[in-house]
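Written below as structure tokens is the structure these notes are about.
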Amino acid sequence: MAKWGQGDPRWIVEERADGTNVNNWHWTERDATGWSKGKLKEVLVGLVVEGEAGRCEISDLKRVEGEASCNSRKGKLIFFYEWNLRLSWRGTVKESGEKHKGSVEIPNLSEENEVDDTEINVSKKKGEGDVLKDLMRTEGTTKVREALRNYLKALKTEFTLGMILPTKATGGQELATERRLSGHTIQDSVSPQDTVGVKIPTVKILMREIFNSPAEELYSIFTTKELVQKFSKCPAVIEAWKGGKLQMFDGSVSGEYTELVPSQRIVLKWRCRSWPDEHYAVVALSFKDMAAQTELQLECRGVPVSSEDSTRQCWKQQYFEEIHVLLQQSKDNME
């Protein structure tokens, strides 16, 4: 028997609160199927393709069959994924204004093939409009491949946070540093109550949007359950008081209200389901009344670096653009 403190370090249990998978030596596996289905929908649906022929948009992810997983062994990550995807697209011919629909088939997205070699088939329903089909075959295919790369990048970064655990040698390092990267403030942070956790590089996002609505009306859209459900097109939990819960987009987004100043300011603890457990960003929404319009200023601190683009896209497409649609519908109904 080896003496205390001696022996193969791969099997020595360090002084850590978790005491599991020491030095990342043992095989661990995490199912990424559910997370991947949400991420594939996020990066593909809403994709816009424009050209001289007209404008097309991926409108739905009609079929998503397959599975994905991530395995850790000896401190290395191994990925397995195999997907059969079918997308719906719709488009408008620039000259005639004619509208057409079609589909995009991706029969085998897997780790066995590079994204550039993955088969992508574009089809269109019967009738004219082949110019749009050609647009989707060229520009559309390029954008779809880019979106698939974004999914794989997120799978290998965002999803895997926490799979490679810190060892005793790294656990005592400073857990909060700040640096500048590409004009954004990047932070490495962990929850103060988590003395063992993994450092999460985070970024602060700043966005502004002008809405054709007075501040009082816009504020109510963020704090009234019925209005939130209208623009999000999903059931929601909206408890708009300090300490009240928030849940939207079928649970993909959740949080808690921490400050509410009517028609002026909302502060939230806010997170996406795909983020590491219990990691929240702090979202501050400031409403600047401009007569018939309102400037909404968004500050989102603590977003995982790997989720910066998807978080921006979430606020722009799922919040701002849908709220614009809701306001226009309300205006049309009044006329």
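Labels used: A, B, ... for chains in the order of the structure tokens, numbers from 1 for residues in each chain, and numbers from 1 for ligands as shown.
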
Give me the residues near region 58-66 of chain A as a tab-separated table (two decimals) with all heavy atoms, in the first residue's frame, where near means some atom within 9 Å (using only C-alpha atoms) and where sequence neighbours in that chain fewer than 4 positions away do not count.
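Writing the result to around_37.tsv gives the following:
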```tsv
chain	number	residue	atom	x	y	z
A	33	THR	N	-28.47	16.14	-26.17
A	33	THR	CA	-29.54	16.06	-27.16
A	33	THR	C	-30.56	17.18	-26.97
A	33	THR	O	-30.88	17.92	-27.91
A	33	THR	CB	-30.23	14.69	-27.10
A	33	THR	OG1	-29.25	13.66	-27.33
A	33	THR	CG2	-31.32	14.60	-28.16
A	37	LYS	N	-31.15	20.48	-29.50
A	37	LYS	CA	-32.38	20.79	-30.23
A	37	LYS	C	-32.75	22.25	-30.06
A	37	LYS	O	-33.16	22.92	-31.03
A	37	LYS	CB	-33.52	19.89	-29.74
A	37	LYS	CG	-33.36	18.44	-30.18
A	37	LYS	CD	-34.51	17.57	-29.71
A	37	LYS	CE	-34.36	16.14	-30.20
A	37	LYS	NZ	-35.48	15.26	-29.75
A	40	LEU	N	-29.99	24.37	-32.03
A	40	LEU	CA	-30.17	24.31	-33.48
A	40	LEU	C	-31.33	25.20	-33.92
A	40	LEU	O	-31.24	25.90	-34.93
A	40	LEU	CB	-30.42	22.86	-33.91
A	40	LEU	CG	-29.18	21.95	-33.92
A	40	LEU	CD1	-29.58	20.49	-34.00
A	40	LEU	CD2	-28.24	22.32	-35.07
A	41	LYS	N	-32.41	25.18	-33.17
A	41	LYS	CA	-33.54	26.06	-33.49
A	41	LYS	C	-33.13	27.52	-33.36
A	41	LYS	O	-33.47	28.36	-34.19
A	41	LYS	CB	-34.72	25.75	-32.57
A	41	LYS	CG	-35.97	26.56	-32.89
A	41	LYS	CD	-37.13	26.13	-32.02
A	41	LYS	CE	-38.39	26.91	-32.38
A	41	LYS	NZ	-39.55	26.50	-31.55
A	44	LEU	N	-30.76	28.55	-36.37
A	44	LEU	CA	-31.27	28.36	-37.73
A	44	LEU	C	-32.55	29.13	-38.02
A	44	LEU	O	-32.67	29.78	-39.06
A	44	LEU	CB	-31.48	26.87	-38.01
A	44	LEU	CG	-30.22	26.02	-38.16
A	44	LEU	CD1	-30.56	24.54	-38.09
A	44	LEU	CD2	-29.50	26.34	-39.47
A	45	VAL	N	-33.52	29.06	-37.12
A	45	VAL	CA	-34.82	29.71	-37.37
A	45	VAL	C	-34.66	31.23	-37.31
A	45	VAL	O	-34.06	31.77	-36.38
A	45	VAL	CB	-35.87	29.23	-36.36
A	45	VAL	CG1	-37.19	29.99	-36.56
A	45	VAL	CG2	-36.10	27.73	-36.51
A	46	GLY	N	-35.18	31.89	-38.32
A	46	GLY	CA	-35.05	33.34	-38.41
A	46	GLY	C	-33.89	33.78	-39.29
A	46	GLY	O	-33.71	34.97	-39.52
A	47	LEU	N	-33.12	32.82	-39.78
A	47	LEU	CA	-31.98	33.13	-40.66
A	47	LEU	C	-32.49	33.79	-41.94
A	47	LEU	O	-33.38	33.26	-42.60
A	47	LEU	CB	-31.24	31.85	-40.98
A	47	LEU	CG	-29.78	31.94	-41.43
A	47	LEU	CD1	-28.91	32.49	-40.31
A	47	LEU	CD2	-29.29	30.56	-41.83
A	48	VAL	N	-31.94	34.94	-42.28
A	48	VAL	CA	-32.41	35.71	-43.44
A	48	VAL	C	-31.37	35.64	-44.56
A	48	VAL	O	-30.17	35.79	-44.32
A	48	VAL	CB	-32.68	37.18	-43.06
A	48	VAL	CG1	-33.02	38.02	-44.30
A	48	VAL	CG2	-33.82	37.26	-42.05
A	49	VAL	N	-31.87	35.41	-45.78
A	49	VAL	CA	-31.01	35.35	-46.97
A	49	VAL	C	-31.55	36.37	-47.97
A	49	VAL	O	-32.70	36.30	-48.38
A	49	VAL	CB	-31.03	33.94	-47.59
A	49	VAL	CG1	-30.08	33.89	-48.78
A	49	VAL	CG2	-30.66	32.89	-46.56
A	81	TYR	N	-22.21	13.45	-32.30
A	81	TYR	CA	-23.49	14.04	-32.69
A	81	TYR	C	-23.87	13.51	-34.08
A	81	TYR	O	-23.02	13.26	-34.93
A	81	TYR	CB	-23.44	15.57	-32.71
A	81	TYR	CG	-22.33	16.16	-33.54
A	81	TYR	CD1	-22.53	16.49	-34.88
A	81	TYR	CD2	-21.07	16.40	-32.98
A	81	TYR	CE1	-21.50	17.03	-35.64
A	81	TYR	CE2	-20.04	16.94	-33.73
A	81	TYR	CZ	-20.26	17.25	-35.06
A	81	TYR	OH	-19.24	17.77	-35.81
A	82	GLU	N	-25.14	13.32	-34.26
A	82	GLU	CA	-25.67	12.87	-35.55
A	82	GLU	C	-27.09	13.40	-35.67
A	82	GLU	O	-27.96	13.05	-34.88
A	82	GLU	CB	-25.66	11.34	-35.65
A	82	GLU	CG	-26.06	10.84	-37.03
A	82	GLU	CD	-25.86	9.35	-37.18
A	82	GLU	OE1	-25.49	8.68	-36.19
A	82	GLU	OE2	-26.06	8.84	-38.30
A	83	TRP	N	-27.33	14.23	-36.69
A	83	TRP	CA	-28.62	14.89	-36.83
A	83	TRP	C	-29.17	14.77	-38.25
A	83	TRP	O	-28.42	14.83	-39.23
A	83	TRP	CB	-28.50	16.39	-36.48
A	83	TRP	CG	-28.17	16.63	-35.05
A	83	TRP	CD1	-26.96	17.05	-34.54
A	83	TRP	CD2	-29.03	16.47	-33.93
A	83	TRP	NE1	-27.02	17.15	-33.17
A	83	TRP	CE2	-28.29	16.79	-32.76
A	83	TRP	CE3	-30.36	16.07	-33.78
A	83	TRP	CZ2	-28.84	16.75	-31.48
A	83	TRP	CZ3	-30.91	16.03	-32.51
A	83	TRP	CH2	-30.15	16.36	-31.38
A	84	ASN	N	-30.47	14.61	-38.31
A	84	ASN	CA	-31.22	14.65	-39.57
A	84	ASN	C	-32.20	15.81	-39.44
A	84	ASN	O	-33.14	15.75	-38.63
A	84	ASN	CB	-31.97	13.32	-39.77
A	84	ASN	CG	-32.74	13.30	-41.08
A	84	ASN	OD1	-32.81	14.29	-41.79
A	84	ASN	ND2	-33.34	12.17	-41.39
A	85	LEU	N	-31.98	16.87	-40.22
A	85	LEU	CA	-32.73	18.11	-40.05
A	85	LEU	C	-33.54	18.44	-41.30
A	85	LEU	O	-33.10	18.19	-42.42
A	85	LEU	CB	-31.78	19.28	-39.75
A	85	LEU	CG	-30.78	19.10	-38.61
A	85	LEU	CD1	-29.85	20.30	-38.54
A	85	LEU	CD2	-31.49	18.89	-37.28
A	86	ARG	N	-34.71	19.02	-41.06
A	86	ARG	CA	-35.51	19.54	-42.16
A	86	ARG	C	-36.02	20.92	-41.79
A	86	ARG	O	-36.70	21.09	-40.77
A	86	ARG	CB	-36.70	18.63	-42.47
A	86	ARG	CG	-37.54	19.08	-43.67
A	86	ARG	CD	-38.58	18.04	-44.04
A	86	ARG	NE	-39.31	18.41	-45.23
A	86	ARG	CZ	-40.45	19.10	-45.23
A	86	ARG	NH1	-40.98	19.50	-44.07
A	86	ARG	NH2	-41.08	19.39	-46.34
A	87	LEU	N	-35.65	21.92	-42.59
A	87	LEU	CA	-36.03	23.31	-42.33
A	87	LEU	C	-37.06	23.76	-43.36
A	87	LEU	O	-37.06	23.30	-44.50
A	87	LEU	CB	-34.80	24.23	-42.43
A	87	LEU	CG	-33.55	23.82	-41.66
A	87	LEU	CD1	-32.37	24.66	-42.10
A	87	LEU	CD2	-33.78	23.95	-40.17
A	88	SER	N	-37.93	24.67	-42.94
A	88	SER	CA	-38.86	25.30	-43.87
A	88	SER	C	-38.38	26.72	-44.16
A	88	SER	O	-37.89	27.40	-43.26
A	88	SER	CB	-40.27	25.35	-43.28
A	88	SER	OG	-40.79	24.06	-43.10
A	89	TRP	N	-38.51	27.13	-45.42
A	89	TRP	CA	-38.17	28.51	-45.76
A	89	TRP	C	-39.31	29.14	-46.57
A	89	TRP	O	-40.09	28.45	-47.21
A	89	TRP	CB	-36.85	28.60	-46.52
A	89	TRP	CG	-36.81	27.94	-47.87
A	89	TRP	CD1	-36.40	26.67	-48.15
A	89	TRP	CD2	-37.18	28.52	-49.14
A	89	TRP	NE1	-36.49	26.41	-49.48
A	89	TRP	CE2	-36.97	27.52	-50.13
A	89	TRP	CE3	-37.66	29.76	-49.53
A	89	TRP	CZ2	-37.22	27.73	-51.48
A	89	TRP	CZ3	-37.92	29.98	-50.89
A	89	TRP	CH2	-37.70	28.99	-51.83
A	90	ARG	N	-39.38	30.45	-46.47
A	90	ARG	CA	-40.34	31.20	-47.26
A	90	ARG	C	-39.64	32.43	-47.82
A	90	ARG	O	-38.69	32.93	-47.21
A	90	ARG	CB	-41.54	31.62	-46.41
A	90	ARG	CG	-41.18	32.49	-45.22
A	90	ARG	CD	-42.35	32.63	-44.27
A	90	ARG	NE	-41.95	33.41	-43.09
A	90	ARG	CZ	-42.61	33.38	-41.94
A	90	ARG	NH1	-43.68	32.63	-41.82
A	90	ARG	NH2	-42.19	34.12	-40.93
A	91	GLY	N	-40.10	32.88	-48.98
A	91	GLY	CA	-39.41	34.01	-49.60
A	91	GLY	C	-40.31	34.82	-50.49
A	91	GLY	O	-41.42	34.40	-50.87
A	103	SER	N	-38.16	23.93	-48.65
A	103	SER	CA	-37.53	23.26	-47.51
A	103	SER	C	-36.04	23.08	-47.73
A	103	SER	O	-35.56	23.14	-48.87
A	103	SER	CB	-38.19	21.91	-47.25
A	103	SER	OG	-38.02	21.05	-48.35
A	104	VAL	N	-35.33	22.86	-46.65
A	104	VAL	CA	-33.90	22.56	-46.68
A	104	VAL	C	-33.70	21.27	-45.90
A	104	VAL	O	-34.10	21.17	-44.73
A	104	VAL	CB	-33.07	23.69	-46.03
A	104	VAL	CG1	-31.58	23.32	-46.04
A	104	VAL	CG2	-33.28	25.00	-46.76
```

What is the distance, in Å and to one decimal place, between CA of Lys331 (chain A) and CA of Asn212 (chain A)? 9.9 Å

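Between Glu278 (chain A) and the residues A:Cys56, A:Ile238, A:Ile200, A:Leu206, the shortest atom-to-atom distance, using only C-alpha atoms, involves A:Ile200.
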
Find the residues of region 207-280 of chain A that sit at most 12 Å from region 303-324 of chain A; for each, write down the nearest two atoms and how far apart they are in Å, to one decimal. Count only C-alpha atoms. Sort by chain, then by number going up, and give it as CSV.
```
residue,atom,partner,partner_atom,distance
A:Met207,CA,A:Arg312,CA,8.3
A:Arg208,CA,A:Lys316,CA,9.8
A:Glu209,CA,A:Phe320,CA,7.4
A:Ile210,CA,A:Phe320,CA,9.3
A:Phe211,CA,A:His324,CA,6.9
A:Asn212,CA,A:His324,CA,7.9
A:Ser213,CA,A:His324,CA,9.3
A:Glu217,CA,A:Ile323,CA,11.2
A:Leu218,CA,A:Ile323,CA,8.7
A:Tyr219,CA,A:Ile323,CA,11.3
A:Ser220,CA,A:Ile323,CA,11.5
A:Ile221,CA,A:Ile323,CA,8.0
A:Phe222,CA,A:Tyr319,CA,9.5
A:Leu227,CA,A:Ile323,CA,9.3
A:Val228,CA,A:Ile323,CA,8.9
A:Gln229,CA,A:Ile323,CA,10.8
A:Lys230,CA,A:Ile323,CA,8.9
A:Phe231,CA,A:Glu322,CA,5.4
A:Ser232,CA,A:Gln318,CA,6.8
A:Lys233,CA,A:Glu322,CA,9.2
A:Cys234,CA,A:Gln318,CA,11.2
A:Met248,CA,A:Gln318,CA,10.5
A:Phe249,CA,A:Gln318,CA,9.0
A:Ser252,CA,A:Cys314,CA,10.6
A:Val253,CA,A:Cys314,CA,9.8
A:Lys269,CA,A:Val303,CA,11.3
A:Trp270,CA,A:Val303,CA,9.4
A:Arg271,CA,A:Val303,CA,8.4
A:Cys272,CA,A:Thr311,CA,8.4
A:Arg273,CA,A:Ser307,CA,11.4
A:Ser274,CA,A:Ser307,CA,9.1
A:Trp275,CA,A:Pro304,CA,7.6
A:Pro276,CA,A:Pro304,CA,9.0
A:His279,CA,A:Val303,CA,9.0
A:Tyr280,CA,A:Val303,CA,7.8
```

Using only C-alpha atoms, the best pick from A:Leu155, A:Pro107, A:Thr160, A:Lys101 as closest to Gly38 (chain A) would be A:Leu155

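Between CA of Glu29 (chain A) and CA of Asp277 (chain A) the separation is 16.8 Å.
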
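Between Gly34 (chain A) and the residues A:Glu50, A:Ala292, A:Ala68, A:Thr223, the shortest atom-to-atom distance, using only C-alpha atoms, involves A:Ala68.
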
Just the residues within 7 Å of Val267 (chain A), please, counting only C-alpha atoms, with nothing from its chain fewer than 6 positions along; format it as a list in words. Tyr257, Thr258, Glu259, Leu260, Val283, Ala284 and Leu285 of chain A

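CA of Leu326 (chain A) to CA of Thr294 (chain A) spans 15.0 Å [interatomic distance, one decimal].
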
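Nearest to Thr141 (chain A) of all the residues A:Ile106, A:Ala154, A:Leu296, A:Val325 is A:Ile106, based on only C-alpha atoms.
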
Using DSSP on the backbone, list every residue of region 34-153 of chain A that comes out as strand (DSSP E), and give them as an MDAnalysis selection string. chainID A and resid 48:51 54:73 76:93 99:110 121:124

Which of these, A:Phe79, A:Trp241, A:Trp35, A:Phe287, has the shortest distance to Phe159 (chain A) once you count only C-alpha atoms? A:Trp35
